[in-house]
Structures are given as structure tokens and as C-alpha cells.
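Reproduced below: data09.txt, with compact mmCIF, N, CA and C atoms.
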```
# COMPACT_ATOMS: atom_id res chain seq x y z
N GLU R 7 -24.42 -30.61 -35.91
CA GLU R 7 -23.70 -29.61 -35.12
C GLU R 7 -23.67 -30.04 -33.66
N VAL R 8 -22.48 -30.01 -33.07
CA VAL R 8 -22.34 -30.40 -31.67
C VAL R 8 -22.86 -29.29 -30.77
N GLN R 9 -23.65 -29.68 -29.80
CA GLN R 9 -24.14 -28.73 -28.81
C GLN R 9 -23.66 -29.15 -27.43
N LEU R 10 -23.18 -28.18 -26.67
CA LEU R 10 -22.70 -28.42 -25.32
C LEU R 10 -23.45 -27.50 -24.37
N VAL R 11 -24.01 -28.08 -23.31
CA VAL R 11 -24.79 -27.30 -22.35
C VAL R 11 -24.25 -27.58 -20.96
N GLU R 12 -23.70 -26.53 -20.33
CA GLU R 12 -23.15 -26.65 -18.99
C GLU R 12 -24.23 -26.38 -17.95
N SER R 13 -24.03 -26.95 -16.77
CA SER R 13 -24.90 -26.68 -15.63
C SER R 13 -24.12 -26.97 -14.36
N GLY R 14 -24.68 -26.55 -13.23
CA GLY R 14 -24.08 -26.86 -11.94
C GLY R 14 -23.33 -25.72 -11.29
N GLY R 15 -23.21 -24.60 -11.97
CA GLY R 15 -22.52 -23.48 -11.36
C GLY R 15 -23.34 -22.88 -10.23
N GLY R 16 -22.72 -21.98 -9.47
CA GLY R 16 -23.42 -21.34 -8.37
C GLY R 16 -22.46 -20.64 -7.45
N SER R 17 -22.95 -20.31 -6.27
CA SER R 17 -22.14 -19.62 -5.27
C SER R 17 -21.88 -20.55 -4.11
N VAL R 18 -20.65 -20.53 -3.63
CA VAL R 18 -20.26 -21.40 -2.53
C VAL R 18 -19.18 -20.71 -1.72
N GLN R 19 -19.07 -21.06 -0.47
CA GLN R 19 -18.02 -20.50 0.37
C GLN R 19 -16.72 -21.25 0.16
N ALA R 20 -15.63 -20.59 0.46
CA ALA R 20 -14.31 -21.22 0.33
C ALA R 20 -14.28 -22.53 1.13
N GLY R 21 -13.68 -23.53 0.51
CA GLY R 21 -13.64 -24.85 1.13
C GLY R 21 -14.77 -25.76 0.70
N GLY R 22 -15.76 -25.18 0.04
CA GLY R 22 -16.91 -25.96 -0.39
C GLY R 22 -16.68 -26.68 -1.71
N SER R 23 -17.73 -27.32 -2.21
CA SER R 23 -17.65 -28.13 -3.42
C SER R 23 -18.78 -27.79 -4.37
N LEU R 24 -18.51 -27.99 -5.65
CA LEU R 24 -19.52 -27.90 -6.70
C LEU R 24 -19.21 -28.96 -7.74
N ARG R 25 -20.24 -29.40 -8.44
CA ARG R 25 -20.05 -30.36 -9.53
C ARG R 25 -20.66 -29.78 -10.80
N LEU R 26 -19.83 -29.53 -11.76
CA LEU R 26 -20.30 -29.03 -13.03
C LEU R 26 -20.58 -30.19 -13.98
N SER R 27 -21.59 -29.99 -14.83
CA SER R 27 -21.93 -30.99 -15.85
C SER R 27 -21.96 -30.33 -17.21
N CYS R 28 -21.66 -31.11 -18.22
CA CYS R 28 -21.72 -30.63 -19.60
C CYS R 28 -22.34 -31.72 -20.44
N ALA R 29 -23.56 -31.48 -20.90
CA ALA R 29 -24.27 -32.46 -21.72
C ALA R 29 -23.99 -32.19 -23.19
N ALA R 30 -23.52 -33.22 -23.88
CA ALA R 30 -23.17 -33.08 -25.30
C ALA R 30 -24.20 -33.78 -26.17
N SER R 31 -24.51 -33.17 -27.29
CA SER R 31 -25.45 -33.78 -28.22
C SER R 31 -25.09 -33.36 -29.64
N GLY R 32 -25.68 -34.06 -30.62
CA GLY R 32 -25.52 -33.67 -32.02
C GLY R 32 -24.29 -34.19 -32.71
N TYR R 33 -23.66 -35.22 -32.13
CA TYR R 33 -22.50 -35.78 -32.80
C TYR R 33 -22.56 -37.30 -32.75
N SER R 34 -21.80 -37.92 -33.66
CA SER R 34 -21.84 -39.36 -33.74
C SER R 34 -20.45 -39.99 -33.67
N PHE R 35 -19.42 -39.20 -33.47
CA PHE R 35 -18.08 -39.75 -33.44
C PHE R 35 -17.87 -40.56 -32.17
N SER R 36 -16.99 -41.56 -32.27
CA SER R 36 -16.82 -42.49 -31.16
C SER R 36 -15.72 -42.06 -30.21
N THR R 37 -14.79 -41.29 -30.69
CA THR R 37 -13.73 -40.80 -29.79
C THR R 37 -13.72 -39.28 -29.83
N TYR R 38 -13.37 -38.68 -28.70
CA TYR R 38 -13.42 -37.24 -28.64
C TYR R 38 -12.59 -36.74 -27.46
N LEU R 39 -12.25 -35.49 -27.57
CA LEU R 39 -11.53 -34.79 -26.51
C LEU R 39 -12.49 -33.78 -25.91
N MET R 40 -12.57 -33.75 -24.61
CA MET R 40 -13.44 -32.78 -23.95
C MET R 40 -12.68 -32.11 -22.82
N GLY R 41 -12.96 -30.84 -22.64
CA GLY R 41 -12.23 -30.10 -21.63
C GLY R 41 -13.05 -29.04 -20.94
N TRP R 42 -12.53 -28.57 -19.85
CA TRP R 42 -13.11 -27.46 -19.10
C TRP R 42 -12.12 -26.30 -19.14
N PHE R 43 -12.64 -25.12 -19.41
CA PHE R 43 -11.88 -23.89 -19.38
C PHE R 43 -12.58 -22.92 -18.44
N ARG R 44 -11.87 -21.90 -18.01
CA ARG R 44 -12.51 -20.88 -17.19
C ARG R 44 -11.92 -19.51 -17.53
N GLN R 45 -12.75 -18.51 -17.29
CA GLN R 45 -12.31 -17.15 -17.51
C GLN R 45 -12.79 -16.28 -16.37
N ALA R 46 -11.84 -15.72 -15.64
CA ALA R 46 -12.14 -14.80 -14.55
C ALA R 46 -12.20 -13.38 -15.10
N PRO R 47 -12.89 -12.48 -14.43
CA PRO R 47 -12.99 -11.09 -14.90
C PRO R 47 -11.61 -10.48 -15.10
N GLY R 48 -11.39 -9.90 -16.27
CA GLY R 48 -10.13 -9.24 -16.56
C GLY R 48 -8.98 -10.17 -16.90
N LYS R 49 -9.27 -11.46 -17.02
CA LYS R 49 -8.21 -12.42 -17.32
C LYS R 49 -8.54 -13.20 -18.58
N GLU R 50 -7.51 -13.82 -19.15
CA GLU R 50 -7.72 -14.65 -20.33
C GLU R 50 -8.31 -16.00 -19.93
N ARG R 51 -8.97 -16.62 -20.90
CA ARG R 51 -9.51 -17.95 -20.64
C ARG R 51 -8.36 -18.94 -20.52
N GLU R 52 -8.50 -19.86 -19.56
CA GLU R 52 -7.44 -20.82 -19.31
C GLU R 52 -8.00 -22.22 -19.19
N GLY R 53 -7.19 -23.20 -19.58
CA GLY R 53 -7.60 -24.59 -19.44
C GLY R 53 -7.57 -25.03 -18.00
N VAL R 54 -8.58 -25.77 -17.59
CA VAL R 54 -8.69 -26.27 -16.23
C VAL R 54 -8.42 -27.76 -16.18
N ALA R 55 -9.09 -28.52 -17.04
CA ALA R 55 -8.93 -29.98 -17.06
C ALA R 55 -9.44 -30.51 -18.38
N ALA R 56 -8.99 -31.70 -18.75
CA ALA R 56 -9.46 -32.30 -19.98
C ALA R 56 -9.41 -33.81 -19.86
N ILE R 57 -10.20 -34.47 -20.72
CA ILE R 57 -10.21 -35.93 -20.74
C ILE R 57 -10.38 -36.38 -22.17
N GLN R 58 -9.69 -37.45 -22.50
CA GLN R 58 -9.79 -38.01 -23.83
C GLN R 58 -10.56 -39.32 -23.71
N SER R 59 -11.59 -39.49 -24.52
CA SER R 59 -12.45 -40.66 -24.37
C SER R 59 -11.69 -41.95 -24.66
N LEU R 60 -10.75 -41.91 -25.59
CA LEU R 60 -9.95 -43.09 -25.92
C LEU R 60 -8.83 -43.23 -24.90
N GLY R 61 -8.96 -44.20 -24.05
CA GLY R 61 -7.95 -44.40 -23.03
C GLY R 61 -8.19 -43.66 -21.73
N SER R 62 -9.18 -42.75 -21.76
CA SER R 62 -9.56 -42.00 -20.55
C SER R 62 -8.41 -41.24 -19.93
N ARG R 63 -7.51 -40.74 -20.76
CA ARG R 63 -6.42 -39.92 -20.22
C ARG R 63 -6.98 -38.60 -19.72
N THR R 64 -6.43 -38.10 -18.62
CA THR R 64 -6.87 -36.84 -18.04
C THR R 64 -5.67 -35.92 -17.82
N ALA R 65 -5.95 -34.63 -17.75
CA ALA R 65 -4.92 -33.63 -17.49
C ALA R 65 -5.54 -32.49 -16.71
N TYR R 66 -4.71 -31.83 -15.89
CA TYR R 66 -5.20 -30.76 -15.03
C TYR R 66 -4.21 -29.60 -15.02
N ALA R 67 -4.76 -28.42 -14.85
CA ALA R 67 -3.91 -27.26 -14.60
C ALA R 67 -3.31 -27.40 -13.21
N ASP R 68 -2.11 -26.87 -13.04
CA ASP R 68 -1.45 -26.97 -11.74
C ASP R 68 -2.29 -26.36 -10.62
N ALA R 69 -3.02 -25.31 -10.93
CA ALA R 69 -3.79 -24.60 -9.91
C ALA R 69 -4.93 -25.43 -9.33
N VAL R 70 -5.33 -26.48 -10.02
CA VAL R 70 -6.48 -27.27 -9.56
C VAL R 70 -6.13 -28.72 -9.25
N LYS R 71 -4.91 -29.12 -9.49
CA LYS R 71 -4.52 -30.51 -9.24
C LYS R 71 -4.75 -30.88 -7.79
N GLY R 72 -5.34 -32.03 -7.58
CA GLY R 72 -5.62 -32.49 -6.23
C GLY R 72 -6.93 -31.98 -5.67
N ARG R 73 -7.55 -31.01 -6.33
CA ARG R 73 -8.82 -30.47 -5.86
C ARG R 73 -9.97 -30.73 -6.83
N PHE R 74 -9.67 -30.76 -8.11
CA PHE R 74 -10.68 -30.97 -9.15
C PHE R 74 -10.51 -32.33 -9.78
N THR R 75 -11.63 -32.92 -10.20
CA THR R 75 -11.60 -34.21 -10.88
C THR R 75 -12.50 -34.16 -12.11
N VAL R 76 -11.95 -34.48 -13.26
CA VAL R 76 -12.73 -34.50 -14.49
C VAL R 76 -13.10 -35.94 -14.81
N SER R 77 -14.32 -36.14 -15.27
CA SER R 77 -14.77 -37.48 -15.62
C SER R 77 -15.76 -37.41 -16.76
N LEU R 78 -16.00 -38.57 -17.37
CA LEU R 78 -16.84 -38.62 -18.56
C LEU R 78 -17.75 -39.83 -18.49
N ASP R 79 -19.02 -39.59 -18.69
CA ASP R 79 -19.99 -40.68 -18.80
C ASP R 79 -20.29 -40.85 -20.28
N ASN R 80 -19.63 -41.84 -20.89
CA ASN R 80 -19.77 -42.01 -22.34
C ASN R 80 -21.20 -42.34 -22.75
N ALA R 81 -21.86 -43.16 -21.95
CA ALA R 81 -23.22 -43.57 -22.30
C ALA R 81 -24.16 -42.37 -22.32
N LYS R 82 -23.97 -41.46 -21.39
CA LYS R 82 -24.84 -40.28 -21.31
C LYS R 82 -24.25 -39.08 -22.04
N ARG R 83 -23.02 -39.26 -22.57
CA ARG R 83 -22.33 -38.17 -23.28
C ARG R 83 -22.31 -36.91 -22.42
N THR R 84 -21.93 -37.11 -21.19
CA THR R 84 -21.88 -36.00 -20.25
C THR R 84 -20.50 -35.92 -19.61
N LEU R 85 -19.97 -34.71 -19.58
CA LEU R 85 -18.69 -34.42 -18.96
C LEU R 85 -18.94 -33.81 -17.59
N PHE R 86 -18.13 -34.17 -16.63
CA PHE R 86 -18.28 -33.64 -15.28
C PHE R 86 -16.98 -32.99 -14.81
N LEU R 87 -17.14 -32.05 -13.89
CA LEU R 87 -15.99 -31.49 -13.19
C LEU R 87 -16.36 -31.37 -11.72
N GLN R 88 -15.80 -32.26 -10.92
CA GLN R 88 -16.00 -32.21 -9.48
C GLN R 88 -14.97 -31.26 -8.90
N MET R 89 -15.45 -30.21 -8.24
CA MET R 89 -14.55 -29.19 -7.70
C MET R 89 -14.67 -29.20 -6.19
N ASP R 90 -13.61 -29.56 -5.52
CA ASP R 90 -13.56 -29.60 -4.06
C ASP R 90 -12.56 -28.58 -3.55
N SER R 91 -12.66 -28.29 -2.26
CA SER R 91 -11.74 -27.34 -1.62
C SER R 91 -11.63 -26.06 -2.45
N LEU R 92 -12.76 -25.53 -2.82
CA LEU R 92 -12.78 -24.35 -3.68
C LEU R 92 -12.18 -23.14 -2.99
N LYS R 93 -11.55 -22.31 -3.80
CA LYS R 93 -10.90 -21.10 -3.32
C LYS R 93 -11.50 -19.89 -4.04
N PRO R 94 -11.41 -18.71 -3.43
CA PRO R 94 -11.93 -17.51 -4.10
C PRO R 94 -11.33 -17.31 -5.49
N GLU R 95 -10.10 -17.72 -5.69
CA GLU R 95 -9.48 -17.56 -7.02
C GLU R 95 -10.03 -18.53 -8.06
N ASP R 96 -10.90 -19.43 -7.66
CA ASP R 96 -11.57 -20.30 -8.63
C ASP R 96 -12.81 -19.62 -9.22
N THR R 97 -13.15 -18.45 -8.72
CA THR R 97 -14.30 -17.72 -9.24
C THR R 97 -14.08 -17.37 -10.70
N ALA R 98 -15.01 -17.79 -11.55
CA ALA R 98 -14.87 -17.58 -12.99
C ALA R 98 -16.11 -18.12 -13.70
N MET R 99 -16.18 -17.82 -15.00
CA MET R 99 -17.13 -18.49 -15.87
C MET R 99 -16.44 -19.74 -16.38
N TYR R 100 -17.10 -20.87 -16.24
CA TYR R 100 -16.53 -22.15 -16.65
C TYR R 100 -17.20 -22.61 -17.94
N TYR R 101 -16.36 -23.00 -18.91
CA TYR R 101 -16.83 -23.42 -20.22
C TYR R 101 -16.44 -24.86 -20.49
N CYS R 102 -17.34 -25.54 -21.17
CA CYS R 102 -17.08 -26.89 -21.65
C CYS R 102 -16.68 -26.79 -23.12
N ALA R 103 -15.74 -27.61 -23.55
CA ALA R 103 -15.30 -27.61 -24.93
C ALA R 103 -15.09 -29.04 -25.40
N ALA R 104 -15.22 -29.24 -26.72
CA ALA R 104 -15.09 -30.60 -27.25
C ALA R 104 -14.64 -30.57 -28.70
N ARG R 105 -14.09 -31.70 -29.11
CA ARG R 105 -13.80 -31.88 -30.52
C ARG R 105 -13.67 -33.38 -30.80
N PRO R 106 -13.99 -33.82 -32.01
CA PRO R 106 -13.91 -35.25 -32.31
C PRO R 106 -12.47 -35.73 -32.46
N GLY R 107 -12.29 -37.03 -32.27
CA GLY R 107 -10.99 -37.61 -32.49
C GLY R 107 -10.10 -37.56 -31.27
N SER R 108 -8.93 -38.10 -31.41
CA SER R 108 -7.94 -38.13 -30.32
C SER R 108 -6.86 -37.11 -30.58
N SER R 109 -6.21 -36.69 -29.51
CA SER R 109 -5.10 -35.76 -29.62
C SER R 109 -3.80 -36.56 -29.47
N PHE R 110 -2.94 -36.49 -30.49
CA PHE R 110 -1.68 -37.22 -30.43
C PHE R 110 -0.71 -36.60 -29.44
N ASN R 111 -0.92 -35.36 -29.12
CA ASN R 111 -0.06 -34.67 -28.16
C ASN R 111 -0.88 -34.18 -26.99
N PHE R 112 -1.71 -35.06 -26.48
CA PHE R 112 -2.70 -34.69 -25.48
C PHE R 112 -2.11 -33.89 -24.33
N TYR R 113 -1.06 -34.36 -23.74
CA TYR R 113 -0.54 -33.70 -22.55
C TYR R 113 0.12 -32.36 -22.87
N SER R 114 0.42 -32.11 -24.13
CA SER R 114 1.02 -30.83 -24.52
C SER R 114 0.00 -29.82 -25.00
N THR R 115 -1.13 -30.32 -25.50
CA THR R 115 -2.06 -29.41 -26.17
C THR R 115 -3.45 -29.34 -25.56
N TRP R 116 -3.74 -30.12 -24.52
CA TRP R 116 -5.10 -30.18 -23.99
C TRP R 116 -5.62 -28.82 -23.56
N SER R 117 -4.76 -27.93 -23.12
CA SER R 117 -5.20 -26.63 -22.59
C SER R 117 -5.24 -25.53 -23.65
N LYS R 118 -4.99 -25.90 -24.91
CA LYS R 118 -4.99 -24.89 -25.98
C LYS R 118 -6.40 -24.78 -26.56
N GLU R 119 -6.91 -23.57 -26.67
CA GLU R 119 -8.27 -23.38 -27.17
C GLU R 119 -8.41 -23.89 -28.60
N TYR R 120 -7.34 -23.80 -29.41
CA TYR R 120 -7.44 -24.21 -30.81
C TYR R 120 -7.66 -25.71 -30.98
N GLU R 121 -7.46 -26.48 -29.89
CA GLU R 121 -7.70 -27.92 -29.96
C GLU R 121 -9.18 -28.26 -30.04
N TYR R 122 -10.03 -27.32 -29.71
CA TYR R 122 -11.46 -27.59 -29.58
C TYR R 122 -12.24 -26.80 -30.62
N ASN R 123 -13.31 -27.40 -31.15
CA ASN R 123 -14.11 -26.70 -32.14
C ASN R 123 -15.56 -26.52 -31.74
N SER R 124 -15.91 -26.96 -30.55
CA SER R 124 -17.27 -26.73 -30.04
C SER R 124 -17.16 -26.23 -28.61
N TRP R 125 -18.00 -25.26 -28.30
CA TRP R 125 -17.95 -24.63 -26.97
C TRP R 125 -19.36 -24.43 -26.44
N GLY R 126 -19.48 -24.55 -25.11
CA GLY R 126 -20.74 -24.26 -24.47
C GLY R 126 -20.83 -22.78 -24.13
N GLN R 127 -21.96 -22.41 -23.56
CA GLN R 127 -22.21 -21.00 -23.22
C GLN R 127 -21.61 -20.62 -21.86
N GLY R 128 -21.28 -21.60 -21.06
CA GLY R 128 -20.66 -21.32 -19.77
C GLY R 128 -21.61 -21.37 -18.59
N THR R 129 -21.04 -21.62 -17.43
CA THR R 129 -21.78 -21.59 -16.18
C THR R 129 -20.89 -20.90 -15.16
N HIS R 130 -21.49 -20.02 -14.36
CA HIS R 130 -20.67 -19.18 -13.50
C HIS R 130 -20.49 -19.81 -12.12
N VAL R 131 -19.27 -19.69 -11.62
CA VAL R 131 -18.93 -20.18 -10.29
C VAL R 131 -18.38 -19.00 -9.48
N THR R 132 -18.95 -18.80 -8.30
CA THR R 132 -18.49 -17.76 -7.40
C THR R 132 -18.12 -18.39 -6.07
N VAL R 133 -16.89 -18.15 -5.64
CA VAL R 133 -16.42 -18.68 -4.36
C VAL R 133 -16.10 -17.50 -3.45
N SER R 134 -16.79 -17.42 -2.33
CA SER R 134 -16.60 -16.32 -1.40
C SER R 134 -15.71 -16.76 -0.23
N SER R 135 -14.98 -15.81 0.29
CA SER R 135 -14.05 -16.12 1.39
C SER R 135 -14.74 -15.99 2.74
```

Starting from the coordinates I provided, produce the structure as C-alpha cells.
Amino acid sequence: EVQLVESGGGSVQAGGSLRLSCAASGYSFSTYLMGWFRQAPGKEREGVAAIQSLGSRTAYADAVKGRFTVSLDNAKRTLFLQMDSLKPEDTAMYYCAARPGSSFNFYSTWSKEYEYNSWGQGTHVTVSS
């Protein structure tokens, strides 16, 4: 069973930075899709960024392009999300998600929850103005 454990959330002022981590364990597949989602109070969960281990393709939501960077340390099986120039609207619970294999329609489906079959418990990010 795949286990995902997020860390790195916290409180920061607008304009600040945070780095989220997601440690993955319990799987043996060589290729995988991993992503970050977030859910703000009263809103639906939305895709933030994703990376595919095969080819290292990445994708971002328009709201975070140019401010967030997703990366993957294959050796440590850890996913990262570097968040810079944070805004109050980035306040949310951030979740890590994963699934084995590659996505043939990566750029079309990376932000769909059904693409992923393992989820972490989340880490909270609060950005104050």
C-alpha cells in the first residue's frame, strides 16, 4: 500500500515562501505520476501542480504559474512544492497524490482527482496579508 506523508506547511505573510514535501513509501513501481492539490474552506479541491517521473514533465494551474515549482527526488521518493510570492488566496490544505505508471494525456488530465489512487492527509498553509 502506498503511503504519502506531507510536511512543510505553516503560516507565512504575503510575499513569503514555503516548501512542501511529500514522502512516498510502500511501492515498487518505476514510473509514477505525482501531484499537489489544495482545498480552501468552502471550495472544491483543485489541482495545483504535477510531475511525471518518466520524462519529468510538469504542469501547473494558471493561478500558481511562475510562483510555484514542483520537483521530484526519485532516489528519496520525495515530491516537493516550492511556493514563492505567496498570496492570501493560496491559503488552503495542500494534499499530495500519486499513482503508478505514466499518463498518456498528462497535460489534459494531471489536475483530475480520478487520475490518482493514493492521497496524503494534507498539510495546511496559511498566508496572511

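Atom N of Met99 of chain R is found 25.4 Å from atom C of Gly32 of chain R.
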
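If you measure from each of R:Gly128, R:Val133, R:Met40, R:Asp68 to Glu95 of chain R using all atoms listed in the file, the closest one turns out to be R:Val133.
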
Name all residues at most 8 Å from Tyr33 of chain R (count all atoms listed in the file; drop same-chain ones fewer than 2 positions away) and give them as a ChimeraX atom specification.
/R:7-9,30-31,35-36

Residues of the last selection are to be written out with N, CA and C atoms, as a PDB file, in the frame of the given file.
```pdb
ATOM      1  N   GLU R   7     -24.420 -30.610 -35.910  1.00  0.00           N
ATOM      2  CA  GLU R   7     -23.700 -29.610 -35.120  1.00  0.00           C
ATOM      3  C   GLU R   7     -23.670 -30.040 -33.660  1.00  0.00           C
ATOM      4  N   VAL R   8     -22.480 -30.010 -33.070  1.00  0.00           N
ATOM      5  CA  VAL R   8     -22.340 -30.400 -31.670  1.00  0.00           C
ATOM      6  C   VAL R   8     -22.860 -29.290 -30.770  1.00  0.00           C
ATOM      7  N   GLN R   9     -23.650 -29.680 -29.800  1.00  0.00           N
ATOM      8  CA  GLN R   9     -24.140 -28.730 -28.810  1.00  0.00           C
ATOM      9  C   GLN R   9     -23.660 -29.150 -27.430  1.00  0.00           C
ATOM     10  N   ALA R  30     -23.520 -33.220 -23.880  1.00  0.00           N
ATOM     11  CA  ALA R  30     -23.170 -33.080 -25.300  1.00  0.00           C
ATOM     12  C   ALA R  30     -24.200 -33.780 -26.170  1.00  0.00           C
ATOM     13  N   SER R  31     -24.510 -33.170 -27.290  1.00  0.00           N
ATOM     14  CA  SER R  31     -25.450 -33.780 -28.220  1.00  0.00           C
ATOM     15  C   SER R  31     -25.090 -33.360 -29.640  1.00  0.00           C
ATOM     16  N   PHE R  35     -19.420 -39.200 -33.470  1.00  0.00           N
ATOM     17  CA  PHE R  35     -18.080 -39.750 -33.440  1.00  0.00           C
ATOM     18  C   PHE R  35     -17.870 -40.560 -32.170  1.00  0.00           C
ATOM     19  N   SER R  36     -16.990 -41.560 -32.270  1.00  0.00           N
ATOM     20  CA  SER R  36     -16.820 -42.490 -31.160  1.00  0.00           C
ATOM     21  C   SER R  36     -15.720 -42.060 -30.210  1.00  0.00           C
TER      22      SER R  36
END
```

Tell me, which residues of chain R carry DSSP helix (DSSP H, G or I), written as a PyMOL selection string?
chain R and resi 94-96+112-115+119-121

Hey, can you spit out that residue selection with N, CA and C atoms as an mmCIF file, in the coordinates of the input?
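Saved the output as out19.cif:
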```
data_model
loop_
_atom_site.group_PDB
_atom_site.id
_atom_site.type_symbol
_atom_site.label_atom_id
_atom_site.label_comp_id
_atom_site.auth_asym_id
_atom_site.auth_seq_id
_atom_site.Cartn_x
_atom_site.Cartn_y
_atom_site.Cartn_z
ATOM 1 N N PRO R 94 -11.410 -18.710 -3.430
ATOM 2 C CA PRO R 94 -11.930 -17.510 -4.100
ATOM 3 C C PRO R 94 -11.330 -17.310 -5.490
ATOM 4 N N GLU R 95 -10.100 -17.720 -5.690
ATOM 5 C CA GLU R 95 -9.480 -17.560 -7.020
ATOM 6 C C GLU R 95 -10.030 -18.530 -8.060
ATOM 7 N N ASP R 96 -10.900 -19.430 -7.660
ATOM 8 C CA ASP R 96 -11.570 -20.300 -8.630
ATOM 9 C C ASP R 96 -12.810 -19.620 -9.220
ATOM 10 N N PHE R 112 -1.710 -35.060 -26.480
ATOM 11 C CA PHE R 112 -2.700 -34.690 -25.480
ATOM 12 C C PHE R 112 -2.110 -33.890 -24.330
ATOM 13 N N TYR R 113 -1.060 -34.360 -23.740
ATOM 14 C CA TYR R 113 -0.540 -33.700 -22.550
ATOM 15 C C TYR R 113 0.120 -32.360 -22.870
ATOM 16 N N SER R 114 0.420 -32.110 -24.130
ATOM 17 C CA SER R 114 1.020 -30.830 -24.520
ATOM 18 C C SER R 114 0.000 -29.820 -25.000
ATOM 19 N N THR R 115 -1.130 -30.320 -25.500
ATOM 20 C CA THR R 115 -2.060 -29.410 -26.170
ATOM 21 C C THR R 115 -3.450 -29.340 -25.560
ATOM 22 N N GLU R 119 -6.910 -23.570 -26.670
ATOM 23 C CA GLU R 119 -8.270 -23.380 -27.170
ATOM 24 C C GLU R 119 -8.410 -23.890 -28.600
ATOM 25 N N TYR R 120 -7.340 -23.800 -29.410
ATOM 26 C CA TYR R 120 -7.440 -24.210 -30.810
ATOM 27 C C TYR R 120 -7.660 -25.710 -30.980
ATOM 28 N N GLU R 121 -7.460 -26.480 -29.890
ATOM 29 C CA GLU R 121 -7.700 -27.920 -29.960
ATOM 30 C C GLU R 121 -9.180 -28.260 -30.040
#
```

Got a sec: who's within 6.5 Å of Ala46 of chain R, counting only N, CA and C atoms, leaving out chain neighbours fewer than 2 positions off, as a ChimeraX atom specification?
/R:44,48-51,97-99

Can you check which residues of chain R DSSP gives as strand (DSSP E) on the backbone and send them as a ChimeraX atom specification?
/R:9-13,16-19,24-31,38-45,52-58,63-66,74-79,84-89,98-106,124-125,129-134

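The space separating atom CA of Pro47 of chain R from atom CA of Thr129 of chain R comes to 13.8 Å.
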
Distance query Gly53 of chain R at most 7 Å, only C-alpha atoms, self and fewer than 5 positions along chain excluded, as a list in words
Trp42, Phe43, Arg44, Ala67 and Ser117 of chain R

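Distances here use all atoms listed in the file; by that measure, the residue among R:Gly16, R:Arg83, R:Phe110, R:Trp116 closest to Ala55 of chain R is R:Trp116.
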
Here is a test: counting all atoms listed in the file, which residue of R:Ser77, R:Gln127, R:Ser62, R:Ser91 is nearest to Glu12 of chain R?
R:Gln127

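Interatomic distance, atom N of Ser108 of chain R to atom CA of Gln58 of chain R: 7.6 Å.
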